[in-house]
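Novice: This is upload31.txt, which holds compact mmCIF, C-alpha atoms:
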```txt
# COMPACT_ATOMS: atom_id res chain seq x y z
CA MET D 1 0.00 0.00 0.00
CA SER D 2 1.36 3.42 -0.94
CA GLU D 3 1.41 6.14 1.71
CA PHE D 4 -1.73 7.68 0.23
CA GLU D 5 -3.64 4.54 -0.71
CA TRP D 6 -6.61 3.77 1.51
CA THR D 7 -9.76 1.76 0.99
CA GLY D 8 -11.26 1.63 4.47
CA ALA D 9 -14.54 3.54 4.45
CA ILE D 10 -17.63 3.60 2.29
CA GLY D 11 -17.60 6.08 -0.58
CA LEU D 12 -18.33 9.74 0.05
CA PRO D 13 -19.50 12.32 -2.47
CA PHE D 14 -16.69 14.07 -4.33
CA HIS D 15 -17.24 17.58 -5.66
CA ASP D 16 -14.84 19.41 -7.93
CA GLY D 17 -12.99 22.02 -5.87
CA LYS D 18 -14.21 20.47 -2.61
CA PRO D 19 -12.34 17.16 -2.43
CA LEU D 20 -13.25 16.61 1.21
CA ALA D 21 -16.98 17.25 0.80
CA GLY D 22 -18.88 15.10 3.28
CA TRP D 23 -15.84 14.32 5.40
CA ARG D 24 -15.97 14.86 9.16
CA VAL D 25 -12.38 15.29 10.33
CA LEU D 26 -11.20 15.22 13.94
CA VAL D 27 -8.63 17.95 14.62
CA PRO D 28 -6.85 17.03 17.89
CA ARG D 29 -5.38 20.43 18.69
CA GLY D 30 -6.94 23.79 19.45
CA GLY D 31 -5.56 27.30 19.50
CA PRO D 32 -4.27 29.08 16.39
CA TRP D 33 -3.01 25.81 14.89
CA GLY D 34 -6.35 24.08 15.27
CA ASP D 35 -8.23 27.14 13.99
CA GLY D 36 -6.01 27.34 10.93
CA VAL D 37 -6.38 23.65 10.12
CA ALA D 38 -10.14 23.82 10.64
CA ALA D 39 -10.38 26.74 8.20
CA ALA D 40 -8.27 24.91 5.62
CA LEU D 41 -10.44 21.81 5.96
CA ARG D 42 -13.64 23.83 5.53
CA ALA D 43 -12.19 25.41 2.38
CA ARG D 44 -11.87 21.89 0.99
CA GLY D 45 -15.42 20.94 1.91
CA ALA D 46 -14.80 19.05 5.15
CA THR D 47 -16.53 19.52 8.50
CA PRO D 48 -13.79 19.84 11.13
CA ILE D 49 -14.35 18.64 14.69
CA VAL D 50 -11.88 20.56 16.83
CA ALA D 51 -11.29 18.48 19.96
CA PRO D 52 -7.99 19.37 21.68
CA MET D 53 -6.43 16.22 23.14
CA ILE D 54 -3.23 17.73 24.50
CA ASN D 55 -2.28 20.94 26.25
CA PHE D 56 0.93 22.43 27.46
CA ALA D 57 1.90 23.20 31.03
CA PRO D 58 4.89 25.01 32.55
CA THR D 59 8.08 23.07 33.12
CA ASP D 60 8.53 21.44 36.53
CA ASP D 61 11.96 23.10 36.76
CA GLN D 62 11.28 26.75 36.12
CA PRO D 63 14.53 27.97 37.76
CA ALA D 64 16.57 25.87 35.31
CA LEU D 65 14.67 27.32 32.35
CA GLU D 66 15.00 30.89 33.64
CA ALA D 67 18.73 30.41 34.21
CA ALA D 68 19.17 29.01 30.70
CA LEU D 69 17.26 31.91 29.15
CA ALA D 70 19.34 34.42 31.12
CA LYS D 71 22.50 32.73 29.87
CA LEU D 72 21.07 32.80 26.35
CA ALA D 73 20.37 36.54 26.57
CA GLY D 74 23.91 37.09 27.81
CA GLY D 75 25.44 35.43 24.76
CA GLY D 76 26.33 32.22 26.56
CA PHE D 77 25.32 29.97 23.66
CA ASP D 78 26.46 29.77 20.06
CA TRP D 79 23.24 28.02 19.02
CA VAL D 80 19.76 27.38 20.37
CA THR D 81 17.65 24.53 18.98
CA VAL D 82 13.88 24.93 18.81
CA THR D 83 11.88 21.79 18.10
CA SER D 84 8.28 23.01 18.18
CA ALA D 85 6.07 26.05 17.82
CA THR D 86 5.14 25.55 21.47
CA THR D 87 8.76 26.18 22.44
CA VAL D 88 8.52 29.46 20.54
CA ASP D 89 5.45 30.33 22.62
CA VAL D 90 7.49 29.68 25.76
CA LEU D 91 10.32 31.91 24.53
CA ALA D 92 7.86 34.68 23.77
CA SER D 93 6.04 34.34 27.10
CA TYR D 94 9.32 34.78 28.97
CA GLY D 95 10.36 37.68 26.76
CA ALA D 96 13.46 35.67 25.92
CA VAL D 97 16.23 37.52 24.10
CA ILE D 98 18.24 35.73 21.44
CA PRO D 99 21.34 37.82 20.70
CA ALA D 100 22.45 38.40 17.12
CA SER D 101 25.56 36.37 17.93
CA THR D 102 23.46 33.27 18.70
CA LYS D 103 22.16 31.25 15.77
CA VAL D 104 18.84 29.43 15.83
CA ALA D 105 18.10 25.94 14.51
CA ALA D 106 14.41 25.19 13.85
CA VAL D 107 13.19 21.62 13.47
CA GLY D 108 10.94 22.48 10.52
CA GLU D 109 9.15 25.10 8.47
CA THR D 110 6.24 25.42 10.92
CA THR D 111 8.60 26.10 13.82
CA ALA D 112 10.64 28.51 11.70
CA ALA D 113 7.48 30.42 10.78
CA ALA D 114 6.51 30.62 14.45
CA LEU D 115 9.97 31.99 15.29
CA VAL D 116 9.71 34.71 12.65
CA ALA D 117 6.16 35.60 13.74
CA ALA D 118 7.44 36.02 17.32
CA GLY D 119 10.25 38.32 16.20
CA TYR D 120 13.06 35.77 16.21
CA HIS D 121 14.93 34.20 13.29
CA ALA D 122 15.91 30.74 12.05
CA ASP D 123 19.36 30.01 10.60
CA ILE D 124 18.89 26.28 9.96
CA VAL D 125 15.77 24.42 8.87
CA PRO D 126 16.12 20.79 7.67
CA SER D 127 15.65 20.58 3.91
CA GLU D 128 14.45 16.98 3.90
CA ASP D 129 13.19 15.50 7.18
CA ASN D 130 11.44 18.07 9.39
CA SER D 131 12.30 16.35 12.66
CA ALA D 132 14.97 16.36 15.34
CA ARG D 133 16.63 13.47 13.52
CA GLY D 134 16.54 15.39 10.24
CA LEU D 135 18.06 18.44 11.90
CA LEU D 136 20.83 16.31 13.37
CA GLU D 137 21.59 14.73 9.98
CA GLU D 138 22.07 18.15 8.38
CA TRP D 139 23.81 19.81 11.31
CA GLU D 140 27.45 19.28 10.34
CA ALA D 141 26.93 20.46 6.78
CA ALA D 142 25.01 23.52 7.95
CA THR D 143 27.67 24.45 10.52
CA GLU D 144 30.56 23.56 8.18
CA GLY D 145 31.78 20.89 10.58
CA GLU D 146 32.59 23.31 13.39
CA LYS D 147 33.19 21.52 16.71
CA GLY D 148 32.79 22.49 20.35
CA LEU D 149 29.74 24.69 19.85
CA ARG D 150 27.76 25.76 22.91
CA VAL D 151 24.19 24.66 22.27
CA LEU D 152 21.01 25.27 24.24
CA ALA D 153 18.54 22.48 23.42
CA LEU D 154 15.01 23.44 24.48
CA ARG D 155 12.53 20.56 24.54
CA SER D 156 9.29 19.12 25.85
CA ALA D 157 9.46 17.03 29.02
CA ILE D 158 8.40 13.90 27.10
CA ALA D 159 10.50 14.47 23.97
CA LYS D 160 13.17 11.94 23.11
CA GLN D 161 16.58 13.60 23.39
CA VAL D 162 17.61 12.62 19.87
CA LEU D 163 19.06 16.01 19.03
CA SER D 164 20.82 16.88 22.27
CA ILE D 165 22.40 13.44 22.63
CA GLY D 166 23.39 13.40 18.97
CA LEU D 167 25.00 16.83 19.16
CA ALA D 168 26.93 15.89 22.29
CA ARG D 169 28.21 12.75 20.56
CA ILE D 170 29.73 14.75 17.73
CA GLY D 171 31.60 17.03 20.08
CA HIS D 172 29.34 19.92 21.06
CA HIS D 173 28.63 21.26 24.55
CA VAL D 174 24.90 20.80 24.95
CA GLU D 175 22.67 22.11 27.73
CA ALA D 176 19.29 20.37 27.41
CA VAL D 177 16.50 22.19 29.25
CA VAL D 178 12.82 21.33 29.53
CA ALA D 179 10.75 24.27 28.26
CA TYR D 180 7.28 22.81 28.90
CA ARG D 181 5.26 19.71 29.73
CA THR D 182 2.65 18.05 27.51
CA ILE D 183 -0.51 16.87 29.26
CA GLY D 184 -3.56 14.98 28.02
CA VAL D 185 -6.97 16.66 27.75
CA PRO D 186 -10.14 14.51 28.01
CA VAL D 187 -12.41 14.90 24.99
CA ALA D 188 -16.20 15.19 25.16
CA ALA D 189 -18.23 12.00 25.37
CA LYS D 190 -19.93 12.96 22.08
CA VAL D 191 -16.58 12.83 20.29
CA ILE D 192 -15.82 9.40 21.71
CA ASP D 193 -19.27 8.13 20.72
CA ASP D 194 -18.96 9.52 17.18
CA VAL D 195 -15.55 7.89 16.65
CA ARG D 196 -16.63 4.52 18.01
CA ALA D 197 -19.80 4.63 15.87
CA GLY D 198 -17.76 5.45 12.76
CA ASN D 199 -19.40 8.87 12.37
CA VAL D 200 -15.99 10.47 11.83
CA HIS D 201 -14.20 9.90 8.55
CA ALA D 202 -10.65 10.90 9.48
CA VAL D 203 -8.50 11.60 12.53
CA LEU D 204 -5.42 13.80 12.29
CA VAL D 205 -2.42 12.77 14.41
CA THR D 206 0.13 15.53 14.82
CA SER D 207 2.65 14.12 17.31
CA GLY D 208 3.50 11.11 19.41
CA SER D 209 1.71 12.66 22.38
CA VAL D 210 -1.45 13.15 20.30
CA ALA D 211 -1.17 9.56 19.06
CA GLU D 212 -1.04 8.38 22.67
CA GLN D 213 -4.18 10.30 23.57
CA VAL D 214 -6.03 9.13 20.45
CA GLN D 215 -5.25 5.52 21.30
CA GLN D 216 -6.04 5.88 25.00
CA GLN D 217 -9.25 7.88 24.66
CA LEU D 218 -10.63 6.73 21.30
CA GLY D 219 -8.95 3.44 20.46
CA PRO D 220 -9.20 1.07 18.93
CA ILE D 221 -10.04 3.30 15.97
CA PRO D 222 -12.59 1.63 13.64
CA GLU D 223 -11.16 0.44 10.34
CA SER D 224 -13.61 2.72 8.52
CA ILE D 225 -11.84 5.82 9.87
CA LEU D 226 -8.73 7.09 8.13
CA VAL D 227 -5.87 7.94 10.51
CA ALA D 228 -3.48 10.54 9.06
CA ALA D 229 -0.07 11.19 10.64
CA ILE D 230 1.89 14.39 10.12
CA GLY D 231 5.14 12.58 9.33
CA PRO D 232 7.16 9.36 9.53
CA GLN D 233 8.31 9.94 13.10
CA THR D 234 4.72 10.42 14.28
CA GLN D 235 3.78 7.24 12.42
CA ARG D 236 6.56 5.36 14.19
CA ASP D 237 5.49 6.77 17.57
CA ALA D 238 1.90 5.73 16.83
CA ALA D 239 2.99 2.22 15.86
CA GLN D 240 4.80 1.81 19.18
CA ILE D 241 1.56 2.31 21.09
CA GLY D 242 -0.56 0.23 18.72
CA LEU D 243 -2.27 3.03 16.78
CA ARG D 244 -2.89 2.23 13.12
CA VAL D 245 -1.86 4.91 10.58
CA ASP D 246 -3.26 4.92 7.04
CA VAL D 247 -1.82 8.10 5.56
CA ILE D 248 1.54 9.80 6.18
CA ALA D 249 2.15 13.42 5.19
CA ARG D 250 5.22 13.94 3.05
CA GLU D 251 6.33 16.91 5.15
CA ARG D 252 5.87 17.74 8.80
CA SER D 253 3.42 20.59 8.28
CA ALA D 254 -0.31 21.19 8.52
CA GLU D 255 -0.46 21.94 4.80
CA SER D 256 1.17 18.63 3.90
CA LEU D 257 -1.11 16.74 6.28
CA ILE D 258 -4.22 18.20 4.65
CA ASP D 259 -2.75 17.54 1.20
CA ALA D 260 -2.32 13.89 2.18
CA LEU D 261 -5.95 13.76 3.22
CA VAL D 262 -7.02 15.35 -0.05
CA GLU D 263 -4.94 12.85 -2.04
CA ALA D 264 -6.62 9.99 -0.22
CA ALA D 265 -10.06 11.45 -0.95
CA THR D 266 -9.18 12.10 -4.58
CA ALA D 267 -7.87 8.56 -5.07
CA ARG D 268 -11.06 7.10 -3.63
CA ALA D 269 -13.28 9.35 -5.74
```
As structure tokens, how would this structure be written, given the file I've shared?
Specialist:
Amino acid sequence: MSEFEWTGAIGLPFHDGKPLAGWRVLVPRGGPWGDGVAAALRARGATPIVAPMINFAPTDDQPALEAALAKLAGGGFDWVTVTSATTVDVLASYGAVIPASTKVAAVGETTAAALVAAGYHADIVPSEDNSARGLLEEWEAATEGEKGLRVLALRSAIAKQVLSIGLARIGHHVEAVVAYRTIGVPVAAKVIDDVRAGNVHAVLVTSGSVAEQVQQQLGPIPESILVAAIGPQTQRDAAQIGLRVDVIARERSAESLIDALVEAATARA
């Protein structure tokens, strides 16, 4: 099966210009991201169901984060790595200063866009794999093989330390600091009932933490419902907890995820 091939559910009407007409799509995140995805889905004919399944809470070690940000503002790091738009929100909420002398590595285009919107900049964005692993693979080429760099690695409490460990292994001085915690949010009983009854046509999965909540709160997902993951790493995370994935976005972005959904709908039509 190709990454966009799917034959699970009964046919839905297909209308030119509205490839997702008739589709009810579960959007597992709220806020600006969820609003933007919901609007994009509506533009393609779908009915989005915005049901946030995760939220973000302050780090358990606020003094460590504050100390790291003070060191950052003082020019104590050559690089800072930012692996999510949520990390950008944390930087902005603290009024964090990134000096011109400190370069910024963003894990992907979405994170880079969030940095720019918040008044920061991004010097490295992976060209292929928008993930911590992809950033690590391109690091040496992007930094021209320079060694001994002082790197602040900001991360979620549950994130795998792929980047910080990898950078330390190739000779950099890495300070890994937890910027925030990810917590599960219970969804409404109506959402659970609709999923279990097959009244939802697709579920978007945007991270390993979302995959965990989807499986815990809604699983097992009926075969008739398409499960779309935002990228290969999210698919792998989902597989580890037993969540089936039918469609994988080519890039780790909301646009690519919706495009994958549209391709699936188009193929079935």
Novice: May I have the residues within 12 Å of stretch 18-25 of chain D as a ChimeraX atom specification, using all atoms listed in the file and disregarding those fewer than 2 positions away in the same chain?
Specialist: /D:9-16,27-28,34,37-51,191,194-195,198-205,225-228,258-269
Novice: Mind giving me the straight-line distance from atom CA of D:Asp129 to atom CA of D:Gly166 in Å, one decimal?
Specialist: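 Rounded to one decimal, the two atoms are 15.7 Å apart.
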Novice: Set out as JSON lines a contact list for stretch 42-122 of chain D and stretch 208-222 of chain D with a cut-off of 10 Å, giving each residue of stretch 42-122 of chain D that qualifies its closest atom pair and distance in Å to one decimal, counting all atoms listed in the file, ordered by chain and rising residue number.
Specialist:
```
{"residue": "D:Pro52", "atom": "CA", "partner": "D:Val210", "partner_atom": "CA", "distance": 9.1}
{"residue": "D:Met53", "atom": "CA", "partner": "D:Gln213", "partner_atom": "CA", "distance": 6.3}
{"residue": "D:Ile54", "atom": "CA", "partner": "D:Val210", "partner_atom": "CA", "distance": 6.5}
{"residue": "D:Asn55", "atom": "CA", "partner": "D:Val210", "partner_atom": "CA", "distance": 9.8}
```
Novice: Could you tell me how far atom CA of D:Ser164 sits from atom CA of D:Ser127, in Å to one decimal place?
Specialist: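 According to the coordinates, atom CA of D:Ser127 and atom CA of D:Ser164 are separated by 19.4 Å.
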Novice: Give me, please, the distance in Å between atom CA of D:Val80 and atom CA of D:Arg236, quoted to one decimal.
Specialist: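 Going from atom CA of D:Val80 over to atom CA of D:Arg236, I get 26.4 Å.
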Novice: For D:Ala132, please output as JSON, numbers by chain all residues within 9 Å (counting only C-alpha atoms; exclusion window: fewer than 5 positions along the same chain).
Specialist: {"D": [83, 106, 107, 108, 126, 137, 161, 162, 163]}
Novice: Nearest to D:Glu255 among D:Glu146, D:Asp61, D:Asp89, D:Glu109, with distances taken over all atoms listed in the file: which residue is it?
Specialist: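 Using all atoms listed in the file, the shortest distance to D:Glu255 belongs to D:Glu109.
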Novice: Would you give me, as a tab-separated table, each residue of stretch 119-195 of chain D having an atom within 9 Å of an atom of stretch 92-98 of chain D, along with its shortest atom pair and that distance in Å to one decimal, using all atoms listed in the file and sorting by chain and residue number?
Specialist:
```
residue	atom	partner	partner_atom	distance
D:Gly119	CA	D:Ala92	CA	8.7
D:Tyr120	CA	D:Ile98	CA	7.4
D:His121	CA	D:Ile98	CA	8.9
```
Novice: Please list as a PyMOL selection string every residue within 8 Å of D:Glu251, counting all atoms listed in the file and excluding residues in the same chain fewer than 2 positions away.
Specialist: chain D and resi 129-130+230-231+249+253+256-257
Novice: Nearest to D:Leu135: which of D:Leu167, D:Ile158, D:Val151, D:Ala114 is it, counting only C-alpha atoms?
Specialist: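 Closest residue, counting only C-alpha atoms: D:Leu167.
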Novice: Restricting the calculation to only C-alpha atoms: of D:Val178, D:Arg29, D:Arg169, D:Trp79, which residue gets closest to D:Ala67?
Specialist: D:Val178
Novice: Determine, counting all atoms listed in the file, which protein, DNA and RNA residues have an atom within 10 Å of an atom of D:Val82; residues of the same chain fewer than 6 positions away are not included. Present the result as a VMD selection string.
Specialist: chain D and resid 88 91 104 to 108 111 to 112 115 122 132 152 to 155 179
Novice: As lines of an AutoDock Vina configuration file, please: the centre and edge lengths in Å, to one decimal, of an axis-aligned box enclosing every listed atom of stretch 184-202 of chain D with 4 Å added on each side.
Specialist:
```
center_x = -11.7
center_y = 10.6
center_z = 18.3
size_x = 24.4
size_y = 20.1
size_z = 27.5
```
Novice: Using only C-alpha atoms, which residue out of D:Val90, D:Ala239, D:Ile183, D:Ala118 lies closest to D:Ala157?
Specialist: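 Of the candidates, the smallest distance to D:Ala157 is held by D:Ile183.
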Novice: (18.1, 22.5, 32.3) in this file's frame - what residues fall within 7 Å of it? Use only C-alpha atoms and give the answer as a list of chain:residue names.
Specialist: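 The residues near that point, listed by chain and number, are D:Ala64, D:Leu65, D:Ala68, D:Glu175, D:Ala176, D:Val177, D:Val178.
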Novice: Starting from the sparse input, extend stretch 216-227 of chain D to all heavy atoms and give the output as a CSV table (one decimal), keeping the file's coordinate frame.
Specialist:
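And here's selection-v1.csv as it stands now:
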```
chain,number,residue,atom,x,y,z
D,216,GLN,N,-5.5,6.1,23.7
D,216,GLN,CA,-6.0,5.9,25.0
D,216,GLN,C,-7.5,6.3,25.1
D,216,GLN,O,-8.3,5.5,25.7
D,216,GLN,CB,-5.2,6.7,26.0
D,216,GLN,CG,-3.9,6.2,26.3
D,216,GLN,CD,-3.1,7.0,27.3
D,216,GLN,OE1,-3.6,8.0,27.8
D,216,GLN,NE2,-1.9,6.6,27.7
D,217,GLN,N,-7.9,7.4,24.5
D,217,GLN,CA,-9.2,7.9,24.7
D,217,GLN,C,-10.2,7.3,23.6
D,217,GLN,O,-11.4,7.2,23.9
D,217,GLN,CB,-9.3,9.4,24.6
D,217,GLN,CG,-8.5,10.1,25.7
D,217,GLN,CD,-8.8,11.6,25.8
D,217,GLN,OE1,-9.9,12.0,25.9
D,217,GLN,NE2,-7.7,12.4,25.9
D,218,LEU,N,-9.7,7.1,22.4
D,218,LEU,CA,-10.6,6.7,21.3
D,218,LEU,C,-10.4,5.3,20.7
D,218,LEU,O,-11.3,4.8,20.0
D,218,LEU,CB,-10.5,7.7,20.2
D,218,LEU,CG,-10.6,9.2,20.5
D,218,LEU,CD1,-10.3,10.1,19.3
D,218,LEU,CD2,-12.0,9.5,21.1
D,219,GLY,N,-9.3,4.7,21.1
D,219,GLY,CA,-9.0,3.4,20.5
D,219,GLY,C,-9.8,2.3,21.0
D,219,GLY,O,-10.3,2.4,22.1
D,220,PRO,N,-9.8,1.2,20.3
D,220,PRO,CA,-9.2,1.1,18.9
D,220,PRO,C,-10.0,1.8,17.9
D,220,PRO,O,-11.3,1.8,17.9
D,220,PRO,CB,-9.2,-0.4,18.7
D,220,PRO,CG,-10.4,-1.0,19.5
D,220,PRO,CD,-10.4,-0.1,20.7
D,221,ILE,N,-9.4,2.5,17.0
D,221,ILE,CA,-10.0,3.3,16.0
D,221,ILE,C,-10.7,2.3,14.9
D,221,ILE,O,-10.0,1.5,14.4
D,221,ILE,CB,-9.1,4.2,15.2
D,221,ILE,CG1,-8.4,5.2,16.2
D,221,ILE,CG2,-9.8,5.1,14.2
D,221,ILE,CD1,-9.3,6.1,17.0
D,222,PRO,N,-12.0,2.5,14.6
D,222,PRO,CA,-12.6,1.6,13.6
D,222,PRO,C,-11.9,1.7,12.3
D,222,PRO,O,-11.3,2.7,11.9
D,222,PRO,CB,-14.0,2.2,13.5
D,222,PRO,CG,-14.2,2.9,14.8
D,222,PRO,CD,-12.9,3.5,15.2
D,223,GLU,N,-11.8,0.5,11.6
D,223,GLU,CA,-11.2,0.4,10.3
D,223,GLU,C,-11.7,1.4,9.3
D,223,GLU,O,-11.1,1.8,8.4
D,223,GLU,CB,-11.3,-1.0,9.8
D,223,GLU,CG,-10.5,-2.0,10.6
D,223,GLU,CD,-9.0,-1.9,10.4
D,223,GLU,OE1,-8.5,-1.3,9.4
D,223,GLU,OE2,-8.2,-2.2,11.4
D,224,SER,N,-13.0,1.8,9.5
D,224,SER,CA,-13.6,2.7,8.5
D,224,SER,C,-13.1,4.1,8.6
D,224,SER,O,-13.3,5.0,7.7
D,224,SER,CB,-15.1,2.7,8.7
D,224,SER,OG,-15.4,3.2,10.0
D,225,ILE,N,-12.3,4.5,9.7
D,225,ILE,CA,-11.8,5.8,9.9
D,225,ILE,C,-10.4,5.9,9.4
D,225,ILE,O,-9.5,5.1,9.9
D,225,ILE,CB,-12.0,6.2,11.3
D,225,ILE,CG1,-13.5,6.3,11.8
D,225,ILE,CG2,-11.3,7.6,11.6
D,225,ILE,CD1,-13.7,6.6,13.2
D,226,LEU,N,-10.1,6.9,8.6
D,226,LEU,CA,-8.7,7.1,8.1
D,226,LEU,C,-7.9,7.8,9.2
D,226,LEU,O,-8.4,8.8,9.8
D,226,LEU,CB,-8.7,7.9,6.8
D,226,LEU,CG,-7.4,8.2,6.2
D,226,LEU,CD1,-7.6,8.3,4.7
D,226,LEU,CD2,-6.8,9.5,6.7
D,227,VAL,N,-6.8,7.3,9.5
D,227,VAL,CA,-5.9,7.9,10.5
D,227,VAL,C,-4.7,8.5,9.7
D,227,VAL,O,-4.0,7.8,9.1
D,227,VAL,CB,-5.4,7.0,11.6
D,227,VAL,CG1,-4.5,7.7,12.6
D,227,VAL,CG2,-6.6,6.3,12.3
```
